Amino acid sequence: MAGRGKLLLVGCGKMGGAMLEGWLEQGLKPADLAVIEPGEASRPKIDGAAVVAAVDALPAGFVPDIAVLAVKPQTMNDVLPGLRRLAGDATTFLSIAAGKTIGYFRAGLGEDARIVRAMPNTPAAVRRGVTVCVAGPGVSELAKARCTELLSAVGDVLWTPDEGVMDAVTAVSGSGPAYVFLLVEAMAEAGIKAGLPADMAMTLARATVAGSGELLRRSSESAAQLRVNVTSPGGTTAEALKILMSDIGIQPLFDSAIAAAARRSKELAG
Ligand SMILES: NC(=O)C1=CN([C@@H]2O[C@H](COP(=O)(O)OP(=O)(O)OC[C@H]3O[C@@H](n4cnc5c(N)ncnc54)[C@H](O)[C@@H]3O)[C@@H](O)[C@H]2O)C=CC1
Ligand SMILES: O=C(O)[C@@H]1CCC=N1
């Protein structure tokens with residue numbers, strides 16, 4: 001991270017902002033950083049970095065080795081024309097936008113533009129994200145290593161040679177934190193219905209999901225075995241799992257939810 005090249009962040013919202021915090025924490029030098037963010041409230045205040053509202057305001061001569069594209073898929077068309085001038089030899093574009101394909105970026109930035117398509121997730125804010133990346137034509141090993149370095153500042157990084165998996169990746173890990181937070185909400189609500197005071201129900205649901213996540217992270221046992229470890233024969237958990245693992249339980253729900261998210265990712269491609 002220590003000043004191997006310059007970095008441009010385009011869009012400093014929830015994901016861009018979370019990644020930026022990680023980079024600064026890992027020692028990214030402000031002099032090597034530029035940020036384009038039109039939203040006054042989201043514009044970070046970093047002494048020594050070029051933080052601007054629009055691409056035209058970037059300092060002349062600022063040529064990043066990596067330009068991270070972190071705007072909404074629906075806004076990407078507005079952003080690409082201004083970035084075309086960077087699509088020369090020096091810059092690799094690292095997009096984190098849902099749905100947008102490598103082909104889409106090459107159409108918008110020029111056929112020779114070097115694109116890495118990536119899908120991170122919001123646990124990046126606490127350095128526990130996971131990102132899957134795929135490189136388009138012409139991306140150098142050095143640029144891939146630089147992307148790995150940037151993304152591993154906020155969590156685990158996997159590369160795939162197959163762009164076709166990215167819609168499913170988006171549905172599972174990109175959107176996945178929302179499913180887990182919904183699980184907390186649902187457990188708390190069910191706890192209230194079972195007789196708990198609301199604040200105790202939420203405390204228990206949050207602590208249980210957070211603690212189980214940490215156990216999963218640290219343990220070498222599979223998720224299935226960790227589940228079995230909780231489930232005493234003839235006990236309480238087994239009764240709940242009969243319902244959650246039935247034909248109308250959690251698996252068919254997840255099958256259709258993840259398929260719906262992957263379908264939406266494909267729709268966002270254009
Ligand atoms: N939020 C999430 O959990 C994840 C989001 N993503 C992807 O990350 C991207 C950003 O998503 P969020 O951070 O959630 O959205 P966001 O709305 O929080 O951030 C987008 C930012 O882009 C800025 N922006 C708008 N027009 C711009 C322009 N012309 N130039 C520069 N910046 C501009 C906005 O002011 C905003 O701050 C999306 O493409 C999304 O698909 C990927 C993985 C997870
Ligand atoms: O909901 C979305 O479209 C973005 C992409 C993955 C997570 N949030």
# chains A, B, ... in the order shown; residues from 1 in each chain; ligands from 1
>>> residues_around(residues="A:Tyr179", least_positions_apart="2", cutoff="12 Å", atoms="only C-alpha atoms", output="mmCIF file with C-alpha atoms, in the first residue's frame")
data_model
loop_
_atom_site.group_PDB
_atom_site.id
_atom_site.type_symbol
_atom_site.label_atom_id
_atom_site.label_comp_id
_atom_site.auth_asym_id
_atom_site.auth_seq_id
_atom_site.Cartn_x
_atom_site.Cartn_y
_atom_site.Cartn_z
ATOM 1 C CA ALA A 171 -26.333 -12.535 -5.067
ATOM 2 C CA VAL A 172 -24.486 -14.576 -2.409
ATOM 3 C CA SER A 173 -21.746 -12.371 -0.918
ATOM 4 C CA GLY A 174 -22.401 -8.877 -2.322
ATOM 5 C CA SER A 175 -26.016 -8.811 -1.133
ATOM 6 C CA GLY A 176 -25.476 -11.483 1.536
ATOM 7 C CA PRO A 177 -24.924 -9.186 4.546
ATOM 8 C CA PHE A 181 -29.154 -8.604 9.104
ATOM 9 C CA LEU A 182 -32.709 -9.620 8.170
ATOM 10 C CA LEU A 183 -32.125 -12.866 10.073
ATOM 11 C CA VAL A 184 -31.261 -10.795 13.165
ATOM 12 C CA GLU A 185 -34.441 -8.750 12.731
ATOM 13 C CA ALA A 186 -36.553 -11.893 12.274
ATOM 14 C CA VAL A 209 -25.401 -13.864 14.977
ATOM 15 C CA ILE A 250 -35.018 -21.829 4.598
ATOM 16 C CA LEU A 253 -36.578 -19.452 0.294
ATOM 17 C CA PHE A 254 -32.854 -18.908 -0.258
ATOM 18 C CA ALA A 257 -34.048 -15.118 -3.149
ATOM 19 C CA ILE A 258 -30.565 -15.729 -4.545
ATOM 20 C CA ALA A 261 -30.746 -11.212 -6.913
#
>>> closest_atom_pairs(of="chain A", to="ligand 1", cutoff="7 Å", atoms="only C-alpha atoms and all ligand atoms", output="Markdown table")
| residue | atom | partner | partner_atom_place_in_ligand_line | distance |
| --- | --- | --- | --- | --- |
| A:Val10 | CA | ligand 1 | 31 (C) | 4.7 |
| A:Gly11 | CA | ligand 1 | 32 (N) | 3.4 |
| A:Cys12 | CA | ligand 1 | 37 (O) | 4.7 |
| A:Gly13 | CA | ligand 1 | 19 (O) | 3.2 |
| A:Lys14 | CA | ligand 1 | 13 (O) | 3.7 |
| A:Met15 | CA | ligand 1 | 13 (O) | 3.8 |
| A:Gly16 | CA | ligand 1 | 13 (O) | 5.5 |
| A:Ile36 | CA | ligand 1 | 31 (C) | 4.9 |
| A:Glu37 | CA | ligand 1 | 32 (N) | 4.2 |
| A:Pro38 | CA | ligand 1 | 35 (O) | 5.3 |
| A:Gly39 | CA | ligand 1 | 35 (O) | 4.4 |
| A:Ser42 | CA | ligand 1 | 37 (O) | 5.6 |
| A:Ala54 | CA | ligand 1 | 30 (N) | 6.1 |
| A:Ala70 | CA | ligand 1 | 9 (C) | 4.3 |
| A:Val71 | CA | ligand 1 | 22 (O) | 3.9 |
| A:Lys72 | CA | ligand 1 | 39 (O) | 3.6 |
| A:Pro73 | CA | ligand 1 | 39 (O) | 4.6 |
| A:Thr75 | CA | ligand 1 | 26 (N) | 5.9 |
| A:Asp78 | CA | ligand 1 | 29 (N) | 5.9 |
| A:Val79 | CA | ligand 1 | 29 (N) | 4.9 |
| A:Ile96 | CA | ligand 1 | 7 (C) | 5.1 |
| A:Ala97 | CA | ligand 1 | 39 (O) | 3.1 |
| A:Ala98 | CA | ligand 1 | 41 (O) | 3.8 |
| A:Met119 | CA | ligand 1 | 43 (C) | 5.3 |
| A:Pro120 | CA | ligand 1 | 43 (C) | 4.7 |
| A:Asn121 | CA | ligand 1 | 44 (C) | 4.2 |
| A:Thr122 | CA | ligand 1 | 3 (O) | 4.9 |
| A:Gly174 | CA | ligand 1 | 44 (C) | 4.8 |
| A:Ser175 | CA | ligand 1 | 3 (O) | 6.0 |
>>> write_last_selection(atoms="N, CA and C atoms", output="compact mmCIF listing (two decimals), in the first residue's frame")
# COMPACT_ATOMS: atom_id res chain seq x y z
N VAL A 10 -13.67 6.80 -7.52
CA VAL A 10 -14.79 7.52 -8.13
C VAL A 10 -16.08 7.08 -7.43
N GLY A 11 -16.60 7.93 -6.56
CA GLY A 11 -17.79 7.59 -5.77
C GLY A 11 -17.38 7.16 -4.37
N CYS A 12 -17.69 8.02 -3.39
CA CYS A 12 -17.28 7.71 -2.01
C CYS A 12 -18.53 7.54 -1.14
N GLY A 13 -19.39 6.64 -1.56
CA GLY A 13 -20.60 6.34 -0.77
C GLY A 13 -20.30 5.24 0.24
N LYS A 14 -21.29 4.35 0.42
CA LYS A 14 -21.16 3.33 1.47
C LYS A 14 -19.98 2.39 1.18
N MET A 15 -19.88 1.87 -0.04
CA MET A 15 -18.80 0.92 -0.33
C MET A 15 -17.48 1.62 -0.56
N GLY A 16 -17.51 2.70 -1.38
CA GLY A 16 -16.27 3.43 -1.65
C GLY A 16 -15.68 3.97 -0.36
N ILE A 36 -13.20 11.44 -6.43
CA ILE A 36 -14.25 12.24 -7.07
C ILE A 36 -15.56 11.88 -6.39
N GLU A 37 -16.18 12.87 -5.76
CA GLU A 37 -17.45 12.63 -5.06
C GLU A 37 -18.27 13.91 -5.11
N PRO A 38 -19.36 13.91 -5.89
CA PRO A 38 -20.17 15.13 -6.00
C PRO A 38 -20.97 15.45 -4.74
N GLY A 39 -21.28 14.46 -3.94
CA GLY A 39 -22.10 14.69 -2.73
C GLY A 39 -21.26 15.33 -1.64
N SER A 42 -20.77 13.36 1.54
CA SER A 42 -19.98 12.12 1.45
C SER A 42 -18.51 12.40 1.12
N ALA A 54 -15.93 16.71 -9.24
CA ALA A 54 -16.15 16.22 -10.61
C ALA A 54 -14.81 15.93 -11.27
N ALA A 70 -16.86 3.22 -8.04
CA ALA A 70 -17.75 2.82 -6.95
C ALA A 70 -19.02 3.67 -6.94
N VAL A 71 -19.55 3.95 -8.15
CA VAL A 71 -20.84 4.63 -8.23
C VAL A 71 -21.91 3.57 -8.51
N LYS A 72 -23.16 3.95 -8.38
CA LYS A 72 -24.27 3.04 -8.63
C LYS A 72 -24.24 2.59 -10.10
N PRO A 73 -24.66 1.36 -10.37
CA PRO A 73 -24.71 0.91 -11.78
C PRO A 73 -25.51 1.88 -12.64
N THR A 75 -25.72 5.00 -12.42
CA THR A 75 -25.02 6.28 -12.66
C THR A 75 -23.78 6.09 -13.52
N ASP A 78 -23.06 8.05 -16.72
CA ASP A 78 -22.71 9.48 -16.59
C ASP A 78 -21.22 9.67 -16.32
N VAL A 79 -20.59 8.64 -15.75
CA VAL A 79 -19.23 8.78 -15.24
C VAL A 79 -18.18 8.43 -16.30
N ILE A 96 -16.58 -1.96 -8.96
CA ILE A 96 -17.27 -2.79 -7.96
C ILE A 96 -18.78 -2.75 -8.21
N ALA A 97 -19.20 -2.25 -9.37
CA ALA A 97 -20.63 -2.07 -9.62
C ALA A 97 -21.33 -3.40 -9.90
N ALA A 98 -22.47 -3.60 -9.28
CA ALA A 98 -23.25 -4.81 -9.54
C ALA A 98 -23.66 -4.84 -11.01
N MET A 119 -16.55 -7.72 -6.94
CA MET A 119 -17.74 -7.61 -6.10
C MET A 119 -17.34 -7.79 -4.63
N PRO A 120 -17.26 -6.67 -3.90
CA PRO A 120 -16.96 -6.73 -2.46
C PRO A 120 -18.26 -6.80 -1.65
N ASN A 121 -18.18 -6.65 -0.34
CA ASN A 121 -19.40 -6.51 0.48
C ASN A 121 -19.14 -5.61 1.69
N THR A 122 -20.22 -5.19 2.35
CA THR A 122 -20.06 -4.13 3.37
C THR A 122 -19.27 -4.52 4.62
N GLY A 174 -22.20 -10.33 -2.20
CA GLY A 174 -22.40 -8.88 -2.32
C GLY A 174 -23.64 -8.46 -1.54
N SER A 175 -24.75 -9.13 -1.82
CA SER A 175 -26.02 -8.81 -1.13
C SER A 175 -26.13 -9.53 0.20
>>> closest_residue(among="A:Val180, A:Leu80, A:Val52, A:Leu86", to="A:Ala107", atoms="only C-alpha atoms")
A:Leu80
>>> select_by_dssp(residues="stretch 17-233 of chain A", states="alpha helix (DSSP H)", output="PyMOL selection string")
chain A and resi 17-25+76-83+102-109+141-152+166-169+176-193+198-218+223-230
>>> residues_around(residues="A:Val165", least_positions_apart="6", cutoff="10 Å", atoms="only C-alpha atoms", output="list in words")
Val132, Val134 and Ala262 of chain A
>>> write_last_selection(atoms="N, CA and C atoms", output="mmCIF file, in the first residue's frame")
data_model
loop_
_atom_site.group_PDB
_atom_site.id
_atom_site.type_symbol
_atom_site.label_atom_id
_atom_site.label_comp_id
_atom_site.auth_asym_id
_atom_site.auth_seq_id
_atom_site.Cartn_x
_atom_site.Cartn_y
_atom_site.Cartn_z
ATOM 1 N N VAL A 132 -14.726 -10.939 -4.800
ATOM 2 C CA VAL A 132 -14.355 -11.795 -5.928
ATOM 3 C C VAL A 132 -14.034 -10.890 -7.112
ATOM 4 N N VAL A 134 -12.526 -10.547 -11.331
ATOM 5 C CA VAL A 134 -12.206 -11.168 -12.619
ATOM 6 C C VAL A 134 -11.541 -10.099 -13.490
ATOM 7 N N ALA A 262 -29.544 -12.641 -8.480
ATOM 8 C CA ALA A 262 -28.671 -12.897 -9.641
ATOM 9 C C ALA A 262 -29.345 -12.416 -10.928
#
>>> closest_residue(among="A:Arg106, A:Arg146, A:Lys100, A:Arg217", to="ligand 2", atoms="only C-alpha atoms and all ligand atoms")
A:Lys100
